[in-house]
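See below for run35.tsv, which holds TSV, C-alpha atoms.
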chain	number	residue	atom	x	y	z
A	1	MET	CA	15.48	-49.45	21.80
A	2	ALA	CA	18.02	-47.86	19.49
A	3	LEU	CA	15.20	-47.01	17.10
A	4	ALA	CA	13.13	-45.45	19.88
A	5	ARG	CA	16.13	-43.42	20.94
A	6	ALA	CA	16.76	-42.24	17.41
A	7	LEU	CA	13.11	-41.29	16.99
A	8	LEU	CA	13.13	-39.39	20.26
A	9	LEU	CA	16.27	-37.55	19.21
A	10	ALA	CA	14.76	-36.72	15.84
A	11	LEU	CA	11.68	-35.39	17.59
A	12	LEU	CA	13.72	-33.20	19.92
A	13	VAL	CA	15.87	-31.81	17.12
A	14	SER	CA	13.00	-31.23	14.75
A	15	THR	CA	11.16	-28.76	17.01
A	16	ALA	CA	13.77	-26.17	16.13
A	17	ALA	CA	12.84	-26.47	12.49
A	18	LEU	CA	9.11	-26.09	13.08
A	19	ALA	CA	8.11	-22.72	11.76
A	20	ILE	CA	4.84	-21.23	12.90
A	21	ASP	CA	3.76	-20.41	9.37
A	22	GLU	CA	2.27	-23.22	7.38
A	23	LYS	CA	4.70	-22.67	4.57
A	24	PRO	CA	7.82	-20.52	4.14
A	25	ALA	CA	7.00	-16.86	3.67
A	26	PHE	CA	9.47	-16.36	0.83
A	27	ASP	CA	10.91	-18.61	-1.83
A	28	ASP	CA	14.18	-16.76	-1.72
A	29	PRO	CA	16.23	-18.28	1.16
A	30	ALA	CA	17.92	-14.94	1.90
A	31	MET	CA	14.55	-13.18	2.26
A	32	GLN	CA	13.25	-16.07	4.36
A	33	ALA	CA	16.27	-15.78	6.67
A	34	ARG	CA	15.70	-12.02	7.02
A	35	TYR	CA	12.02	-12.63	7.72
A	36	GLU	CA	12.82	-15.20	10.38
A	37	SER	CA	15.38	-13.07	12.16
A	38	LEU	CA	13.12	-10.01	12.04
A	39	THR	CA	10.06	-11.78	13.41
A	40	ARG	CA	12.22	-13.16	16.20
A	41	GLU	CA	13.09	-9.71	17.50
A	42	LEU	CA	9.56	-8.33	17.49
A	43	ARG	CA	7.31	-8.74	20.48
A	44	CYS	CA	3.76	-9.91	20.15
A	45	THR	CA	1.92	-7.20	22.05
A	46	VAL	CA	-0.98	-9.36	23.24
A	47	CYS	CA	1.08	-12.34	24.42
A	48	GLN	CA	3.79	-10.23	25.87
A	49	ASN	CA	6.58	-12.67	26.48
A	50	GLN	CA	6.58	-14.16	23.04
A	51	THR	CA	7.99	-12.94	19.79
A	52	ILE	CA	5.71	-12.72	16.79
A	53	ALA	CA	7.65	-15.66	15.38
A	54	ASP	CA	6.64	-17.85	18.34
A	55	SER	CA	3.11	-16.79	18.88
A	56	ASN	CA	0.00	-18.27	17.46
A	57	ALA	CA	-2.14	-15.34	18.56
A	58	SER	CA	-4.10	-13.89	15.72
A	59	LEU	CA	-2.51	-10.47	16.16
A	60	ALA	CA	0.93	-12.07	15.82
A	61	ARG	CA	-0.28	-13.71	12.63
A	62	ASP	CA	-1.41	-10.33	11.31
A	63	LEU	CA	1.88	-8.72	12.30
A	64	ARG	CA	3.81	-11.44	10.49
A	65	ARG	CA	1.65	-10.71	7.47
A	66	GLU	CA	2.49	-7.01	7.75
A	67	VAL	CA	6.21	-7.84	7.99
A	68	ARG	CA	5.92	-10.03	4.90
A	69	ARG	CA	4.08	-7.29	3.03
A	70	LEU	CA	6.62	-4.61	4.00
A	71	MET	CA	9.51	-6.87	3.02
A	72	ALA	CA	7.89	-7.69	-0.30
A	73	GLU	CA	7.51	-3.95	-0.91
A	74	GLY	CA	11.27	-3.62	-0.48
A	75	ASN	CA	11.48	-1.97	2.94
A	76	THR	CA	14.67	-2.34	4.93
A	77	ASP	CA	14.72	-4.05	8.34
A	78	GLN	CA	15.03	-0.66	10.00
A	79	GLU	CA	12.04	0.71	8.11
A	80	ILE	CA	9.98	-2.27	9.23
A	81	ARG	CA	11.05	-1.77	12.86
A	82	ASP	CA	10.13	1.91	12.56
A	83	PHE	CA	6.74	1.02	11.08
A	84	LEU	CA	5.98	-1.07	14.17
A	85	THR	CA	7.43	1.29	16.78
A	86	ASP	CA	5.42	4.16	15.26
A	87	ARG	CA	2.32	2.16	16.13
A	88	TYR	CA	3.26	0.14	19.19
A	89	THR	CA	6.22	2.08	20.71
A	90	ASP	CA	9.64	0.60	21.48
A	91	PHE	CA	7.80	-2.03	23.45
A	92	VAL	CA	7.58	-4.21	20.33
A	93	LEU	CA	11.35	-4.41	20.11
A	94	TYR	CA	13.11	-7.09	22.08
A	95	ASN	CA	16.32	-5.07	21.77
A	96	PRO	CA	15.55	-1.74	23.41
A	97	PRO	CA	17.19	1.18	21.58
A	98	VAL	CA	19.81	3.27	23.40
A	99	LYS	CA	18.18	6.56	24.40
A	100	PRO	CA	18.11	8.68	27.59
A	101	ARG	CA	15.32	6.59	29.07
A	102	THR	CA	17.27	3.37	28.62
A	103	TYR	CA	20.77	4.60	29.57
A	104	LEU	CA	20.44	3.05	33.02
A	105	LEU	CA	19.23	-0.22	31.52
A	106	TRP	CA	22.18	-0.45	29.16
A	107	ALA	CA	24.70	0.76	31.74
A	108	ALA	CA	23.46	-1.57	34.48
A	109	PRO	CA	25.69	-4.59	33.65
A	110	GLY	CA	28.81	-2.40	33.57
A	111	LEU	CA	27.80	-0.60	36.76
A	112	LEU	CA	27.20	-3.89	38.54
A	113	VAL	CA	30.64	-5.17	37.53
A	114	ILE	CA	32.24	-1.93	38.78
A	115	ILE	CA	30.34	-2.13	42.07
A	116	GLY	CA	31.31	-5.78	42.48
A	117	LEU	CA	35.00	-5.11	41.74
A	118	GLY	CA	34.94	-2.12	44.09
A	119	ALA	CA	33.46	-4.21	46.88
A	120	ALA	CA	35.98	-7.00	46.32
A	121	LEU	CA	38.83	-4.50	46.29
A	122	MET	CA	37.64	-2.95	49.55
A	123	VAL	CA	37.48	-6.33	51.26
A	124	VAL	CA	40.97	-7.28	50.04
A	125	LEU	CA	42.48	-3.94	51.10
A	126	ARG	CA	40.86	-4.11	54.50
A	127	ARG	CA	42.11	-7.63	55.09
A	128	ALA	CA	45.59	-6.66	53.91
A	129	LYS	CA	45.59	-3.73	56.30
A	130	ALA	CA	44.38	-5.90	59.16
A	131	ALA	CA	47.08	-8.45	58.41
A	132	LYS	CA	49.77	-5.76	58.44
A	133	ASP	CA	48.55	-4.19	61.67
A	134	ASN	CA	48.11	-7.41	63.56
A	135	PRO	CA	49.38	-10.55	61.79
A	136	ALA	CA	48.95	-12.75	64.83
A	137	ALA	CA	45.24	-12.04	65.11
A	138	LEU	CA	44.65	-12.94	61.53
A	139	ASP	CA	46.54	-16.22	61.88
A	140	ALA	CA	44.53	-17.06	64.95
A	141	ASP	CA	41.42	-16.21	63.05
A	142	ASN	CA	42.36	-18.60	60.28
A	143	GLU	CA	43.19	-21.39	62.66
A	144	THR	CA	39.79	-21.38	64.26
A	145	GLY	CA	38.40	-22.00	60.84
A	146	SER	CA	35.93	-19.19	60.91
A	147	PRO	CA	35.18	-17.71	57.47
B	1	MET	CA	30.25	6.06	65.96
B	2	LYS	CA	31.60	6.08	62.45
B	3	VAL	CA	29.08	4.78	59.93
B	4	ARG	CA	30.90	2.66	57.42
B	5	LEU	CA	30.54	3.00	53.69
B	6	GLY	CA	30.43	-0.78	53.42
B	7	VAL	CA	27.12	-0.78	55.29
B	8	LEU	CA	25.67	2.38	53.82
B	9	LEU	CA	26.29	1.53	50.17
B	10	PRO	CA	24.42	-1.81	50.03
B	11	LEU	CA	21.62	-0.26	52.06
B	12	GLY	CA	21.42	2.64	49.61
B	13	LEU	CA	21.31	0.29	46.64
B	14	PHE	CA	18.63	-1.74	48.35
B	15	VAL	CA	16.51	1.37	48.87
B	16	VAL	CA	16.89	2.31	45.18
B	17	LEU	CA	15.85	-1.20	44.15
B	18	VAL	CA	12.83	-1.10	46.45
B	19	GLY	CA	11.95	2.27	44.90
B	20	PHE	CA	12.01	0.79	41.39
B	21	LEU	CA	9.94	-2.21	42.43
B	22	PHE	CA	7.47	0.02	44.27
B	23	PHE	CA	6.81	2.13	41.19
B	24	GLY	CA	6.70	-1.04	39.14
B	25	LEU	CA	3.67	-2.07	41.17
B	26	PHE	CA	1.64	0.73	39.64
B	27	ASN	CA	2.82	0.09	36.13
B	28	ASP	CA	0.46	-2.02	34.09
B	29	PRO	CA	2.56	-3.80	31.47
B	30	ARG	CA	-0.60	-4.39	29.43
B	31	GLU	CA	-1.13	-0.67	29.07
B	32	ILE	CA	1.24	0.26	26.28
B	33	PRO	CA	1.30	4.05	25.92
B	34	SER	CA	0.11	5.06	22.51
B	35	PRO	CA	2.64	6.90	20.37
B	36	LEU	CA	-0.29	8.23	18.33
B	37	ILE	CA	-1.72	10.70	20.82
B	38	GLY	CA	-1.47	14.21	19.44
B	39	LYS	CA	-0.85	12.87	15.95
B	40	PRO	CA	-3.20	12.63	12.98
B	41	ALA	CA	-5.32	9.49	13.05
B	42	PRO	CA	-4.27	6.93	10.43
B	43	THR	CA	-6.40	7.21	7.32
B	44	PHE	CA	-8.62	4.38	6.15
B	45	THR	CA	-11.44	3.53	3.80
B	46	LEU	CA	-13.50	0.52	4.82
B	47	GLU	CA	-16.87	-1.04	4.17
B	48	GLU	CA	-19.64	-0.26	6.61
B	49	LEU	CA	-20.41	-3.41	8.60
B	50	ARG	CA	-24.20	-3.18	8.37
B	51	ASP	CA	-24.35	-1.76	4.87
B	52	PRO	CA	-21.57	-3.18	2.63
B	53	GLN	CA	-22.48	-0.75	-0.17
B	54	GLN	CA	-21.42	2.19	1.95
B	55	LEU	CA	-17.77	3.12	2.40
B	56	ILE	CA	-16.45	4.83	5.51
B	57	SER	CA	-13.32	6.88	5.24
B	58	THR	CA	-11.44	9.24	7.48
B	59	GLU	CA	-12.31	12.03	5.01
B	60	ASN	CA	-16.05	11.50	5.55
B	61	LEU	CA	-15.54	11.58	9.28
B	62	ALA	CA	-13.51	14.79	9.33
B	63	GLY	CA	-15.06	17.99	10.60
B	64	GLN	CA	-16.54	16.62	13.79
B	65	MET	CA	-15.10	15.14	16.94
B	66	TYR	CA	-15.84	11.44	17.25
B	67	LEU	CA	-15.18	8.39	19.34
B	68	LEU	CA	-13.62	5.42	17.59
B	69	ASN	CA	-14.39	2.22	19.44
B	70	VAL	CA	-12.53	-0.93	18.40
B	71	TRP	CA	-14.57	-4.03	19.16
B	72	ASN	CA	-15.75	-7.42	18.01
B	73	SER	CA	-18.51	-9.75	19.05
B	74	SER	CA	-16.26	-12.43	20.53
B	75	CYS	CA	-14.68	-10.00	22.97
B	76	VAL	CA	-15.95	-10.40	26.52
B	77	THR	CA	-14.78	-7.00	27.74
B	78	CYS	CA	-16.63	-5.35	24.83
B	79	ARG	CA	-19.78	-7.01	26.10
B	80	GLN	CA	-19.11	-5.55	29.55
B	81	GLU	CA	-18.41	-2.15	28.07
B	82	HIS	CA	-21.47	-2.18	25.86
B	83	PRO	CA	-24.06	-0.68	28.27
B	84	MET	CA	-21.70	2.26	28.82
B	85	LEU	CA	-21.48	2.87	25.07
B	86	MET	CA	-25.26	2.66	24.84
B	87	GLN	CA	-25.50	5.27	27.55
B	88	ILE	CA	-22.97	7.55	25.83
B	89	ALA	CA	-24.93	7.22	22.60
B	90	ARG	CA	-28.15	8.19	24.40
B	91	SER	CA	-26.80	11.03	26.47
B	92	SER	CA	-24.42	12.79	24.09
B	93	ASN	CA	-24.36	13.86	20.49
B	94	LEU	CA	-20.80	12.64	20.00
B	95	PRO	CA	-20.78	10.18	17.11
B	96	ILE	CA	-19.52	6.74	18.10
B	97	ILE	CA	-17.76	5.15	15.17
B	98	GLY	CA	-17.19	1.44	15.53
B	99	LEU	CA	-14.12	-0.27	14.16
B	100	ASN	CA	-14.99	-3.92	13.98
B	101	TRP	CA	-11.57	-5.55	14.21
B	102	LYS	CA	-10.63	-9.24	14.18
B	103	GLU	CA	-14.25	-10.30	14.14
B	104	SER	CA	-13.37	-13.64	12.69
B	105	ASP	CA	-10.32	-15.84	12.83
B	106	TYR	CA	-11.19	-16.89	9.31
B	107	PRO	CA	-10.30	-13.87	7.18
B	108	GLU	CA	-11.00	-15.94	4.07
B	109	ASP	CA	-14.69	-15.66	4.82
B	110	PRO	CA	-15.38	-12.29	6.46
B	111	GLU	CA	-19.11	-12.59	5.81
B	112	ILE	CA	-19.43	-15.13	8.64
B	113	GLY	CA	-18.02	-12.48	10.95
B	114	ARG	CA	-20.29	-9.81	9.53
B	115	THR	CA	-23.42	-11.86	10.19
B	116	ARG	CA	-22.27	-12.68	13.70
B	117	ALA	CA	-21.45	-9.04	14.54
B	118	ILE	CA	-24.83	-7.84	13.24
B	119	SER	CA	-26.75	-10.39	15.28
B	120	TRP	CA	-24.71	-9.41	18.35
B	121	LEU	CA	-25.77	-5.79	17.84
B	122	SER	CA	-29.43	-6.66	17.39
B	123	ARG	CA	-29.29	-8.62	20.60
B	124	PHE	CA	-27.48	-6.10	22.82
B	125	GLY	CA	-28.28	-2.80	21.10
B	126	ASP	CA	-26.40	-0.70	18.61
B	127	PRO	CA	-24.73	2.47	19.88
B	128	TYR	CA	-22.76	3.11	16.69
B	129	THR	CA	-23.30	5.92	14.24
B	130	LYS	CA	-21.24	4.02	11.72
B	131	ILE	CA	-19.19	0.85	11.87
B	132	ALA	CA	-16.09	0.32	9.76
B	133	PHE	CA	-15.48	-3.34	9.03
B	134	ASP	CA	-11.76	-4.11	9.18
B	135	LYS	CA	-11.71	-7.53	7.56
B	136	GLU	CA	-7.95	-7.87	7.29
B	137	GLY	CA	-7.11	-6.21	10.57
B	138	SER	CA	-4.58	-3.86	9.04
B	139	VAL	CA	-6.43	-0.66	9.95
B	140	GLY	CA	-6.39	-1.81	13.57
B	141	ILE	CA	-2.64	-2.34	13.30
B	142	ASN	CA	-2.24	1.18	11.91
B	143	PHE	CA	-4.00	2.44	15.01
B	144	GLY	CA	-1.64	0.40	17.19
B	145	VAL	CA	-4.49	-1.72	18.48
B	146	TYR	CA	-3.44	-4.92	20.21
B	147	GLY	CA	-6.64	-5.99	21.91
B	148	THR	CA	-10.29	-5.15	22.08
B	149	PRO	CA	-11.85	-2.97	23.28
B	150	GLU	CA	-9.78	0.11	22.62
B	151	THR	CA	-11.25	3.56	22.24
B	152	PHE	CA	-9.82	6.65	20.60
B	153	LEU	CA	-11.10	10.20	20.78
B	154	VAL	CA	-10.47	11.92	17.46
B	155	SER	CA	-10.82	15.68	17.04
B	156	GLY	CA	-12.63	17.39	14.19
B	157	ASP	CA	-9.34	17.99	12.40
B	158	GLY	CA	-8.46	14.33	12.65
B	159	VAL	CA	-5.99	14.35	15.56
B	160	ILE	CA	-6.05	11.56	18.16
B	161	LEU	CA	-6.72	13.25	21.51
B	162	ALA	CA	-6.91	10.22	23.77
B	163	LYS	CA	-6.75	6.48	23.78
B	164	HIS	CA	-8.16	4.06	26.29
B	165	VAL	CA	-7.31	0.37	26.43
B	166	GLY	CA	-9.98	-1.83	27.98
B	167	ALA	CA	-13.58	-1.12	28.85
B	168	ILE	CA	-14.76	2.45	29.27
B	169	THR	CA	-16.14	2.69	32.78
B	170	PRO	CA	-18.13	5.68	34.06
B	171	ASP	CA	-14.94	6.84	35.86
B	172	VAL	CA	-12.81	6.61	32.75
B	173	TRP	CA	-15.47	8.45	30.78
B	174	ARG	CA	-15.72	11.24	33.33
B	175	ASP	CA	-12.00	11.65	34.04
B	176	LYS	CA	-10.35	10.90	30.74
B	177	PHE	CA	-12.81	11.70	27.96
B	178	MET	CA	-15.23	14.32	29.27
B	179	PRO	CA	-12.63	17.05	29.93
B	180	LEU	CA	-11.24	16.67	26.40
B	181	ILE	CA	-14.69	16.60	24.85
B	182	SER	CA	-15.82	19.79	26.56
B	183	GLN	CA	-12.53	21.47	25.63
B	184	GLY	CA	-13.03	20.47	22.03
B	185	GLY	CA	-16.43	22.14	21.94
B	186	GLY	CA	-18.40	18.91	21.73
B	187	SER	CA	-21.35	18.62	24.05
B	188	ALA	CA	-21.87	15.54	26.12
B	189	SER	CA	-23.30	14.87	29.51

Output the structure of this file as structure tokens.
Amino acid sequence: MALARALLLALLVSTAALAIDEKPAFDDPAMQARYESLTRELRCTVCQNQTIADSNASLARDLRREVRRLMAEGNTDQEIRDFLTDRYTDFVLYNPPVKPRTYLLWAAPGLLVIIGLGAALMVVLRRAKAAKDNPAALDADNETGSP
Amino acid sequence: MKVRLGVLLPLGLFVVLVGFLFFGLFNDPREIPSPLIGKPAPTFTLEELRDPQQLISTENLAGQMYLLNVWNSSCVTCRQEHPMLMQIARSSNLPIIGLNWKESDYPEDPEIGRTRAISWLSRFGDPYTKIAFDKEGSVGINFGVYGTPETFLVSGDGVILAKHVGAITPDVWRDKFMPLISQGGGSAS
């Protein structure tokens, strides 16, 4: 039982270490780490919700080969991203760049927090005002247990 | 009666959201806009599929408007598109250049793919003036191709005028390609 459990655990943990390539792309661990992080932020354009690091599609395989080639030729990460966006647009990037078209996208979380805080503030102020104007009503309201 | 902001604001936001979703309905996520339109076509030199001795390069192709059709014999949509290409080849003098891309999943032996592609053409007809054989798939990547079929219209001075992802239907041909072809001085019917 303990052995089965250990094996199961090993199996679960090991999936994280399974690279899609048959062997590491680079002997140099630093290059390999760069390669892995880069392929994890590039979208496979045929299998759209996977990165090229995850996908077994043959285009993803070719794109990984291109990334390897560009890295071996000494290109920087940014140059490799540019190489791909020149061909496939920003769509290949999982991190969309900040530009006028994406302002709303990037601002949305902040805007939603502001809207939420504003709404909460309005509710609190209104209740405070109601309590000041007519404390008895509010107490009665609370006693009936209505929300 | 006083309309309260507390009612109007969520309603407004809802309408905006519905607007976004509505336009999203007409947005095909598979259709990635090509950043290459209006730019010079990537250069390449590749073997001709049917005649390995012959090399096809963008320099040879320059000087005349042409259609570049990316295809391979294992692509179902290419098969569906094929009669349309045959018809274009018959009815117009626009050269159709094939780019045979990802013919085989075994790049170590491209000749298997070559044989298969040639027998496909002899079975269904061959609309191509020339066919460039992209064994490694890197020319396709330079063109931003992510699936077959894809078709580019390239002007005589080597600029990409249009790109179509998926099969060319008679409608696509008439509405997307024909106006550009007649503007560019090519004759097609």

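Interatomic distance, CA of Gly98 (chain B) to CA of Asn69 (chain B): 4.9 Å.
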
Work out how far apart CA of Tyr94 (chain A) and CA of Phe143 (chain B) are and give it in Å to one decimal.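 Answer for the CA of Tyr94 (chain A) to CA of Phe143 (chain B) separation: 20.8 Å.
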
Please, which residues of chain A lie no more than 12 Å from chain B when the count uses only C-alpha atoms, and can they be set out as a VMD selection string? chain A and resid 43 to 49 56 to 67 69 82 to 92 111 to 112 115 to 116 118 to 123 126

Write a file of the just-selected residues containing C-alpha atoms, as a PDB file, in the coordinates of the input.
ATOM      1  CA  ARG A  43       7.310  -8.740  20.480  1.00  0.00           C
ATOM      2  CA  CYS A  44       3.760  -9.910  20.150  1.00  0.00           C
ATOM      3  CA  THR A  45       1.920  -7.200  22.050  1.00  0.00           C
ATOM      4  CA  VAL A  46      -0.980  -9.360  23.240  1.00  0.00           C
ATOM      5  CA  CYS A  47       1.080 -12.340  24.420  1.00  0.00           C
ATOM      6  CA  GLN A  48       3.790 -10.230  25.870  1.00  0.00           C
ATOM      7  CA  ASN A  49       6.580 -12.670  26.480  1.00  0.00           C
ATOM      8  CA  ASN A  56       0.000 -18.270  17.460  1.00  0.00           C
ATOM      9  CA  ALA A  57      -2.140 -15.340  18.560  1.00  0.00           C
ATOM     10  CA  SER A  58      -4.100 -13.890  15.720  1.00  0.00           C
ATOM     11  CA  LEU A  59      -2.510 -10.470  16.160  1.00  0.00           C
ATOM     12  CA  ALA A  60       0.930 -12.070  15.820  1.00  0.00           C
ATOM     13  CA  ARG A  61      -0.280 -13.710  12.630  1.00  0.00           C
ATOM     14  CA  ASP A  62      -1.410 -10.330  11.310  1.00  0.00           C
ATOM     15  CA  LEU A  63       1.880  -8.720  12.300  1.00  0.00           C
ATOM     16  CA  ARG A  64       3.810 -11.440  10.490  1.00  0.00           C
ATOM     17  CA  ARG A  65       1.650 -10.710   7.470  1.00  0.00           C
ATOM     18  CA  GLU A  66       2.490  -7.010   7.750  1.00  0.00           C
ATOM     19  CA  VAL A  67       6.210  -7.840   7.990  1.00  0.00           C
ATOM     20  CA  ARG A  69       4.080  -7.290   3.030  1.00  0.00           C
ATOM     21  CA  ASP A  82      10.130   1.910  12.560  1.00  0.00           C
ATOM     22  CA  PHE A  83       6.740   1.020  11.080  1.00  0.00           C
ATOM     23  CA  LEU A  84       5.980  -1.070  14.170  1.00  0.00           C
ATOM     24  CA  THR A  85       7.430   1.290  16.780  1.00  0.00           C
ATOM     25  CA  ASP A  86       5.420   4.160  15.260  1.00  0.00           C
ATOM     26  CA  ARG A  87       2.320   2.160  16.130  1.00  0.00           C
ATOM     27  CA  TYR A  88       3.260   0.140  19.190  1.00  0.00           C
ATOM     28  CA  THR A  89       6.220   2.080  20.710  1.00  0.00           C
ATOM     29  CA  ASP A  90       9.640   0.600  21.480  1.00  0.00           C
ATOM     30  CA  PHE A  91       7.800  -2.030  23.450  1.00  0.00           C
ATOM     31  CA  VAL A  92       7.580  -4.210  20.330  1.00  0.00           C
ATOM     32  CA  LEU A 111      27.800  -0.600  36.760  1.00  0.00           C
ATOM     33  CA  LEU A 112      27.200  -3.890  38.540  1.00  0.00           C
ATOM     34  CA  ILE A 115      30.340  -2.130  42.070  1.00  0.00           C
ATOM     35  CA  GLY A 116      31.310  -5.780  42.480  1.00  0.00           C
ATOM     36  CA  GLY A 118      34.940  -2.120  44.090  1.00  0.00           C
ATOM     37  CA  ALA A 119      33.460  -4.210  46.880  1.00  0.00           C
ATOM     38  CA  ALA A 120      35.980  -7.000  46.320  1.00  0.00           C
ATOM     39  CA  LEU A 121      38.830  -4.500  46.290  1.00  0.00           C
ATOM     40  CA  MET A 122      37.640  -2.950  49.550  1.00  0.00           C
ATOM     41  CA  VAL A 123      37.480  -6.330  51.260  1.00  0.00           C
ATOM     42  CA  ARG A 126      40.860  -4.110  54.500  1.00  0.00           C
TER      43      ARG A 126
END

Starting from 8 Å padding per side, set up an axis-aligned box that covers all listed atoms of region 57-69 of chain A and hand over centre and edge lengths in Å, one decimal, as AutoDock Vina command-line options.
--center_x 1.1 --center_y -11.2 --center_z 10.8 --size_x 26.3 --size_y 24.3 --size_z 31.5

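Residues in contact with region 176-184 of chain B at 10 Å, where only C-alpha atoms are counted and same-chain residues fewer than 6 positions away are skipped, are listed as Gln64, Met65, Tyr66, Leu67, Leu94, Phe152, Leu153, Val154, Ser155, Gly156, Leu161, Ala162, Lys163, His164, Ile168 and Pro170 of chain B.
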
Looking at B:Ile160, B:Met84, B:Ala167, B:Leu5, which one is nearest to Thr43 (chain B), with distances taken over only C-alpha atoms?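 Of the candidates, the smallest distance to Thr43 (chain B) is held by B:Ile160.
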
As an exercise, work out the distance from CA of Leu11 (chain B) to CA of Pro100 (chain A) in Å and give it to one decimal place. 26.3 Å

Give me the residues within 7 Å of Thr45 (chain B) as a CSV table (one decimal) with C-alpha atoms, keeping the file's coordinate frame, counting only C-alpha atoms and dropping any in the same chain fewer than 3 places off.
chain,number,residue,atom,x,y,z
B,55,LEU,CA,-17.8,3.1,2.4
B,56,ILE,CA,-16.4,4.8,5.5
B,57,SER,CA,-13.3,6.9,5.2
B,58,THR,CA,-11.4,9.2,7.5

Minimum-distance residue to Phe124 (chain B), chosen among B:Glu47, B:Glu111, B:Asp157, B:Glu81 (using all atoms listed in the file): B:Glu81

Output region 112-130 of chain B from the block with N, CA and C atoms, as a PDB file, in the first residue's frame?
ATOM      1  N   ILE B 112       9.434  10.734 -49.197  1.00  0.00           N
ATOM      2  CA  ILE B 112       8.146  10.044 -49.028  1.00  0.00           C
ATOM      3  C   ILE B 112       7.021  11.036 -49.301  1.00  0.00           C
ATOM      4  N   GLY B 113       7.178  12.231 -48.721  1.00  0.00           N
ATOM      5  CA  GLY B 113       6.179  13.278 -48.918  1.00  0.00           C
ATOM      6  C   GLY B 113       6.100  13.699 -50.370  1.00  0.00           C
ATOM      7  N   ARG B 114       7.255  13.814 -51.011  1.00  0.00           N
ATOM      8  CA  ARG B 114       7.284  14.246 -52.406  1.00  0.00           C
ATOM      9  C   ARG B 114       6.490  13.281 -53.294  1.00  0.00           C
ATOM     10  N   THR B 115       6.748  11.993 -53.103  1.00  0.00           N
ATOM     11  CA  THR B 115       6.041  10.981 -53.897  1.00  0.00           C
ATOM     12  C   THR B 115       4.540  11.061 -53.661  1.00  0.00           C
ATOM     13  N   ARG B 116       4.177  11.227 -52.392  1.00  0.00           N
ATOM     14  CA  ARG B 116       2.758  11.256 -52.046  1.00  0.00           C
ATOM     15  C   ARG B 116       2.080  12.482 -52.681  1.00  0.00           C
ATOM     16  N   ALA B 117       2.756  13.638 -52.599  1.00  0.00           N
ATOM     17  CA  ALA B 117       2.175  14.871 -53.147  1.00  0.00           C
ATOM     18  C   ALA B 117       2.004  14.754 -54.659  1.00  0.00           C
ATOM     19  N   ILE B 118       2.999  14.153 -55.329  1.00  0.00           N
ATOM     20  CA  ILE B 118       2.921  14.034 -56.784  1.00  0.00           C
ATOM     21  C   ILE B 118       1.776  13.107 -57.186  1.00  0.00           C
ATOM     22  N   SER B 119       1.599  12.019 -56.438  1.00  0.00           N
ATOM     23  CA  SER B 119       0.512  11.111 -56.822  1.00  0.00           C
ATOM     24  C   SER B 119      -0.846  11.746 -56.531  1.00  0.00           C
ATOM     25  N   TRP B 120      -0.898  12.590 -55.512  1.00  0.00           N
ATOM     26  CA  TRP B 120      -2.141  13.331 -55.212  1.00  0.00           C
ATOM     27  C   TRP B 120      -2.494  14.230 -56.393  1.00  0.00           C
ATOM     28  N   LEU B 121      -1.467  14.906 -56.941  1.00  0.00           N
ATOM     29  CA  LEU B 121      -1.708  15.821 -58.063  1.00  0.00           C
ATOM     30  C   LEU B 121      -2.120  15.063 -59.320  1.00  0.00           C
ATOM     31  N   SER B 122      -1.529  13.875 -59.527  1.00  0.00           N
ATOM     32  CA  SER B 122      -1.900  13.164 -60.751  1.00  0.00           C
ATOM     33  C   SER B 122      -3.310  12.601 -60.625  1.00  0.00           C
ATOM     34  N   ARG B 123      -3.757  12.433 -59.392  1.00  0.00           N
ATOM     35  CA  ARG B 123      -5.100  11.926 -59.203  1.00  0.00           C
ATOM     36  C   ARG B 123      -6.154  13.035 -59.354  1.00  0.00           C
ATOM     37  N   PHE B 124      -5.871  14.205 -58.756  1.00  0.00           N
ATOM     38  CA  PHE B 124      -6.908  15.242 -58.709  1.00  0.00           C
ATOM     39  C   PHE B 124      -6.671  16.383 -59.700  1.00  0.00           C
ATOM     40  N   GLY B 125      -5.559  16.373 -60.388  1.00  0.00           N
ATOM     41  CA  GLY B 125      -5.253  17.460 -61.324  1.00  0.00           C
ATOM     42  C   GLY B 125      -4.227  18.408 -60.721  1.00  0.00           C
ATOM     43  N   ASP B 126      -3.520  19.080 -61.607  1.00  0.00           N
ATOM     44  CA  ASP B 126      -2.417  19.925 -61.146  1.00  0.00           C
ATOM     45  C   ASP B 126      -2.585  21.356 -61.653  1.00  0.00           C
ATOM     46  N   PRO B 127      -3.051  22.251 -60.785  1.00  0.00           N
ATOM     47  CA  PRO B 127      -3.297  23.629 -61.223  1.00  0.00           C
ATOM     48  C   PRO B 127      -2.057  24.520 -61.123  1.00  0.00           C
ATOM     49  N   TYR B 128      -0.934  23.955 -60.661  1.00  0.00           N
ATOM     50  CA  TYR B 128       0.195  24.816 -60.294  1.00  0.00           C
ATOM     51  C   TYR B 128       1.169  25.054 -61.443  1.00  0.00           C
ATOM     52  N   THR B 129       1.561  26.311 -61.580  1.00  0.00           N
ATOM     53  CA  THR B 129       2.601  26.669 -62.531  1.00  0.00           C
ATOM     54  C   THR B 129       3.933  26.111 -62.035  1.00  0.00           C
ATOM     55  N   LYS B 130       4.184  26.343 -60.766  1.00  0.00           N
ATOM     56  CA  LYS B 130       5.377  25.809 -60.118  1.00  0.00           C
ATOM     57  C   LYS B 130       5.007  25.461 -58.686  1.00  0.00           C
TER      58      LYS B 130
END
